[in-house]
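I have placed the structure first, in the form of structure tokens, so that the comments after it can refer back to it.
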Amino acid sequence: MEPRTSVIEKRLKNIKRIIAVASGKGGVGKSLVASSLALHLAHNGHKVGLLDLDLYGPSSHIILGIKDEFPAEEKGIIPPTVHGISFMSIVYFTQEKPSPFRGVDISNIILELLAITQWGSLDFLIIDMPPGIGDETLDVIRYMKTSEFLVVTTPSKVAMGAVSKLLKILIELKKPVLGVIENMTMTDSSFIKQEVKKLNVRYLGKIHFDETLEEAIGNADRLAETQAMKNLTVILMEINL
Ligand SMILES: Nc1ncnc2c1ncn2[C@@H]1O[C@H](COP(=O)(O)OP(=O)(O)OP(=O)(O)O)[C@@H](O)[C@H]1O
Ligand SMILES: [Mg+2]
């Protein structure tokens, strides 16, 4: 048996809820939703961790403007606290260098990250997932047994095709799915809502395309003021977050 798995259980023992923000599709707003969700929960007084598991394109640190904070070593590593969030990212290990990992490496890195990170006690651990349904998704399911999924799509048929695949896998593996957020909407089409309902999954609502968002990236306070964040807050209230 892989010795790190028992260490991982110990490391995650005092985390009440683990929420993975995922999508079958890239570029739909997972990192934005994960970062904003972590900010929102921390703002409401919860103890929150944010883990960026996107080994190819880590971006939570860019969205939240995290530059000069690094983990501290002490029998494992302690994530830095930024904007009230304990933050851990693969970026600390790749130092922004491109990281062409193969399947086996990815699982190894995730195992190592989970085994060494000391989160302490948390109300929520939010995971910013990479696009697709790869090793990372399966590893989260395997090593984080209590994890729940929050799924993001855009109004596109192509995105929804990939998202449907992810949803079907999660349903088959009996993973809790909090629901689907439709991000970057520009019309009031109900296509995504209907598709999500066909799968018996909860449709949570829309985040409109927000032209001011790009300017707020890297600044947590400005992010909180955006229309996108306001739309997200309404959605989160629906699921008591
Ligand atoms: N509602 C929105 N309005 C305007 N722009 C948005 C919105 N949501 C996300 N974006 C922008 O779209 C881009 C992609 O968002 P993000 O990085 O969060 O997606 P992702 O799903 O995490 O992508 P990846 O699959 O590469 O990890 C970013 O530049 C982000 O600022
Ligand atoms: Mg991302």
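Here's how to read the names in the structure tokens: chain A, B, ... by the order shown, residue numbers from 1 in each chain, ligand numbers from 1 in the order shown.
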
>> Can you tell me which residues surround segment 181-197 of chain A at a distance of at most 12 Å, considering only C-alpha atoms, apart from same-chain residues fewer than 6 positions away, and format the answer as a count of residues only?
In response: 52

>> Show me, as a PyMOL selection string, the residues that have an atom within 7 Å of Ile85 of chain A when counting only C-alpha atoms, minus same-chain residues fewer than 2 positions from it.
In response: chain A and resi 38+42+48-50+81-83+87

>> Env of segment 134-145 of chain A: 7 Å cut, atoms = only C-alpha atoms, seq-sep filter 5 positions within chain, self excluded. Answer as a PyMOL selection string.
In response: chain A and resi 103+106-107

> Can you tell me, as an NGL selection string, what residues are no more than 9 Å from Ala224 of chain A when counting only C-alpha atoms, ignoring any on the same chain fewer than 6 positions away?
Replying inline: :A and (36 or 39-40 or 216 or 230)

> Closest to ligand 1 among A:Leu37, A:Ile77, A:Met237, A:Leu173, using only C-alpha atoms and all ligand atoms?
Replying inline: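 Checking each of A:Leu37, A:Ile77, A:Met237, A:Leu173 against ligand 1, counting only C-alpha atoms and all ligand atoms, the winner is A:Leu37.
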
> Any idea what the distance is between atom CA of Glu148 of chain A and atom CA of Ile109 of chain A?
Replying inline: 21.5 Å

>> Based on the backbone DSSP call, show me all residues of segment 80-196 of chain A assigned helix (DSSP H, G or I), as a PyMOL selection string.
In response: chain A and resi 91-94+103-116+135-143+157-172+191-196

> Nearest to ligand 1 among A:Leu113, A:Val7, A:Ile62, A:Leu51, with distances taken over only C-alpha atoms and all ligand atoms: which residue is it?
Replying inline: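 Using only C-alpha atoms and all ligand atoms, ligand 1 sits closest to A:Ile62.
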
>> To test your reading of the structure, identify every residue in segment 33-193 of chain A that backbone DSSP assigns to strand (DSSP E), and report it as a VMD selection string.
In response: chain A and resid 48 to 52 72 to 73 77 to 78 81 to 82 85 to 89 122 to 128 148 to 153 177 to 185

With N, CA and C atoms retained, could you export that selection as an mmCIF file, in the first residue's frame?
```cif
data_model
loop_
_atom_site.group_PDB
_atom_site.id
_atom_site.type_symbol
_atom_site.label_atom_id
_atom_site.label_comp_id
_atom_site.auth_asym_id
_atom_site.auth_seq_id
_atom_site.Cartn_x
_atom_site.Cartn_y
_atom_site.Cartn_z
ATOM 1 N N VAL A 48 -10.915 28.858 5.902
ATOM 2 C CA VAL A 48 -10.942 28.371 4.518
ATOM 3 C C VAL A 48 -9.547 28.074 3.977
ATOM 4 N N GLY A 49 -9.437 26.993 3.254
ATOM 5 C CA GLY A 49 -8.216 26.688 2.512
ATOM 6 C C GLY A 49 -8.535 26.685 1.032
ATOM 7 N N LEU A 50 -7.551 27.056 0.215
ATOM 8 C CA LEU A 50 -7.723 27.004 -1.244
ATOM 9 C C LEU A 50 -6.528 26.245 -1.816
ATOM 10 N N LEU A 51 -6.838 25.206 -2.581
ATOM 11 C CA LEU A 51 -5.777 24.375 -3.163
ATOM 12 C C LEU A 51 -5.890 24.426 -4.679
ATOM 13 N N ASP A 52 -4.867 24.947 -5.325
ATOM 14 C CA ASP A 52 -4.860 24.997 -6.793
ATOM 15 C C ASP A 52 -4.211 23.729 -7.318
ATOM 16 N N ALA A 72 5.586 27.826 4.814
ATOM 17 C CA ALA A 72 6.654 27.646 5.797
ATOM 18 C C ALA A 72 6.836 26.154 6.031
ATOM 19 N N GLU A 73 8.085 25.738 6.210
ATOM 20 C CA GLU A 73 8.330 24.318 6.446
ATOM 21 C C GLU A 73 8.313 23.999 7.923
ATOM 22 N N ILE A 77 4.503 21.160 5.253
ATOM 23 C CA ILE A 77 4.524 22.588 4.976
ATOM 24 C C ILE A 77 3.210 23.246 5.369
ATOM 25 N N ILE A 78 3.349 24.469 5.867
ATOM 26 C CA ILE A 78 2.178 25.222 6.304
ATOM 27 C C ILE A 78 1.867 26.268 5.245
ATOM 28 N N THR A 81 -1.181 32.387 4.759
ATOM 29 C CA THR A 81 -2.555 32.908 4.813
ATOM 30 C C THR A 81 -2.608 34.218 4.039
ATOM 31 N N VAL A 82 -3.474 34.254 3.030
ATOM 32 C CA VAL A 82 -3.617 35.455 2.210
ATOM 33 C C VAL A 82 -5.103 35.785 2.087
ATOM 34 N N ILE A 85 -7.293 33.414 3.714
ATOM 35 C CA ILE A 85 -7.404 32.064 3.132
ATOM 36 C C ILE A 85 -6.048 31.360 3.241
ATOM 37 N N SER A 86 -6.045 30.103 3.680
ATOM 38 C CA SER A 86 -4.806 29.314 3.627
ATOM 39 C C SER A 86 -4.638 28.844 2.199
ATOM 40 N N PHE A 87 -3.536 29.238 1.587
ATOM 41 C CA PHE A 87 -3.403 29.031 0.146
ATOM 42 C C PHE A 87 -2.253 28.092 -0.213
ATOM 43 N N MET A 88 -2.580 27.093 -1.005
ATOM 44 C CA MET A 88 -1.547 26.147 -1.438
ATOM 45 C C MET A 88 -1.689 25.908 -2.932
ATOM 46 N N SER A 89 -0.563 25.947 -3.632
ATOM 47 C CA SER A 89 -0.632 25.779 -5.076
ATOM 48 C C SER A 89 0.604 25.064 -5.580
ATOM 49 N N LEU A 122 -10.044 23.270 9.311
ATOM 50 C CA LEU A 122 -10.695 24.176 8.346
ATOM 51 C C LEU A 122 -12.186 23.879 8.301
ATOM 52 N N ASP A 123 -12.979 24.914 8.040
ATOM 53 C CA ASP A 123 -14.395 24.675 7.767
ATOM 54 C C ASP A 123 -14.562 24.201 6.320
ATOM 55 N N PHE A 124 -13.761 24.816 5.428
ATOM 56 C CA PHE A 124 -13.861 24.466 4.003
ATOM 57 C C PHE A 124 -12.480 24.393 3.360
ATOM 58 N N LEU A 125 -12.290 23.383 2.525
ATOM 59 C CA LEU A 125 -11.149 23.381 1.621
ATOM 60 C C LEU A 125 -11.721 23.431 0.206
ATOM 61 N N ILE A 126 -11.378 24.506 -0.521
ATOM 62 C CA ILE A 126 -11.856 24.665 -1.898
ATOM 63 C C ILE A 126 -10.735 24.233 -2.841
ATOM 64 N N ILE A 127 -11.071 23.414 -3.815
ATOM 65 C CA ILE A 127 -10.044 22.968 -4.763
ATOM 66 C C ILE A 127 -10.339 23.516 -6.148
ATOM 67 N N ASP A 128 -9.349 24.209 -6.700
ATOM 68 C CA ASP A 128 -9.438 24.710 -8.067
ATOM 69 C C ASP A 128 -8.909 23.609 -8.977
ATOM 70 N N GLU A 148 -17.013 17.098 -2.313
ATOM 71 C CA GLU A 148 -18.239 17.405 -3.053
ATOM 72 C C GLU A 148 -17.815 18.203 -4.281
ATOM 73 N N PHE A 149 -18.630 18.190 -5.321
ATOM 74 C CA PHE A 149 -18.255 18.885 -6.556
ATOM 75 C C PHE A 149 -19.205 20.036 -6.876
ATOM 76 N N LEU A 150 -18.591 21.160 -7.246
ATOM 77 C CA LEU A 150 -19.341 22.298 -7.748
ATOM 78 C C LEU A 150 -18.880 22.457 -9.199
ATOM 79 N N VAL A 151 -19.819 22.351 -10.139
ATOM 80 C CA VAL A 151 -19.446 22.247 -11.549
ATOM 81 C C VAL A 151 -19.759 23.553 -12.285
ATOM 82 N N VAL A 152 -18.823 23.970 -13.142
ATOM 83 C CA VAL A 152 -18.979 25.228 -13.881
ATOM 84 C C VAL A 152 -19.037 24.944 -15.383
ATOM 85 N N THR A 153 -19.938 25.628 -16.065
ATOM 86 C CA THR A 153 -19.986 25.543 -17.528
ATOM 87 C C THR A 153 -20.190 26.951 -18.087
ATOM 88 N N VAL A 177 -22.846 16.124 -5.949
ATOM 89 C CA VAL A 177 -22.684 17.283 -6.845
ATOM 90 C C VAL A 177 -23.592 18.392 -6.311
ATOM 91 N N LEU A 178 -22.978 19.509 -5.914
ATOM 92 C CA LEU A 178 -23.764 20.617 -5.350
ATOM 93 C C LEU A 178 -24.640 21.249 -6.419
ATOM 94 N N GLY A 179 -24.149 21.225 -7.666
ATOM 95 C CA GLY A 179 -24.927 21.779 -8.758
ATOM 96 C C GLY A 179 -24.030 22.353 -9.834
ATOM 97 N N VAL A 180 -24.681 22.945 -10.850
ATOM 98 C CA VAL A 180 -23.953 23.506 -11.988
ATOM 99 C C VAL A 180 -24.170 25.019 -12.047
ATOM 100 N N ILE A 181 -23.071 25.752 -12.174
ATOM 101 C CA ILE A 181 -23.137 27.204 -12.366
ATOM 102 C C ILE A 181 -22.903 27.495 -13.845
ATOM 103 N N GLU A 182 -23.772 28.329 -14.431
ATOM 104 C CA GLU A 182 -23.587 28.732 -15.825
ATOM 105 C C GLU A 182 -22.883 30.081 -15.821
ATOM 106 N N ASN A 183 -21.650 30.105 -16.300
ATOM 107 C CA ASN A 183 -20.837 31.322 -16.228
ATOM 108 C C ASN A 183 -20.689 31.997 -17.594
ATOM 109 N N MET A 184 -20.469 33.300 -17.555
ATOM 110 C CA MET A 184 -20.238 34.136 -18.750
ATOM 111 C C MET A 184 -21.451 34.167 -19.663
ATOM 112 N N THR A 185 -22.651 34.247 -19.093
ATOM 113 C CA THR A 185 -23.846 34.299 -19.935
ATOM 114 C C THR A 185 -24.011 35.694 -20.542
#
```

> When you draw a straight line from atom 8 (N, counted along the ligand's line) of ligand 1 to atom CA of Pro58 of chain A, how long is it in Å?
Replying inline: 15.7 Å

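Of note, atom CA of Asp105 of chain A and atom CA of Ile133 of chain A are spaced 16.2 Å apart.
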
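Ranking A:Asn108, A:Ser59, A:Asn14, A:Thr5 by their shortest atom-to-atom distance to ligand 2, with only C-alpha atoms and all ligand atoms included, puts A:Ser59 first.
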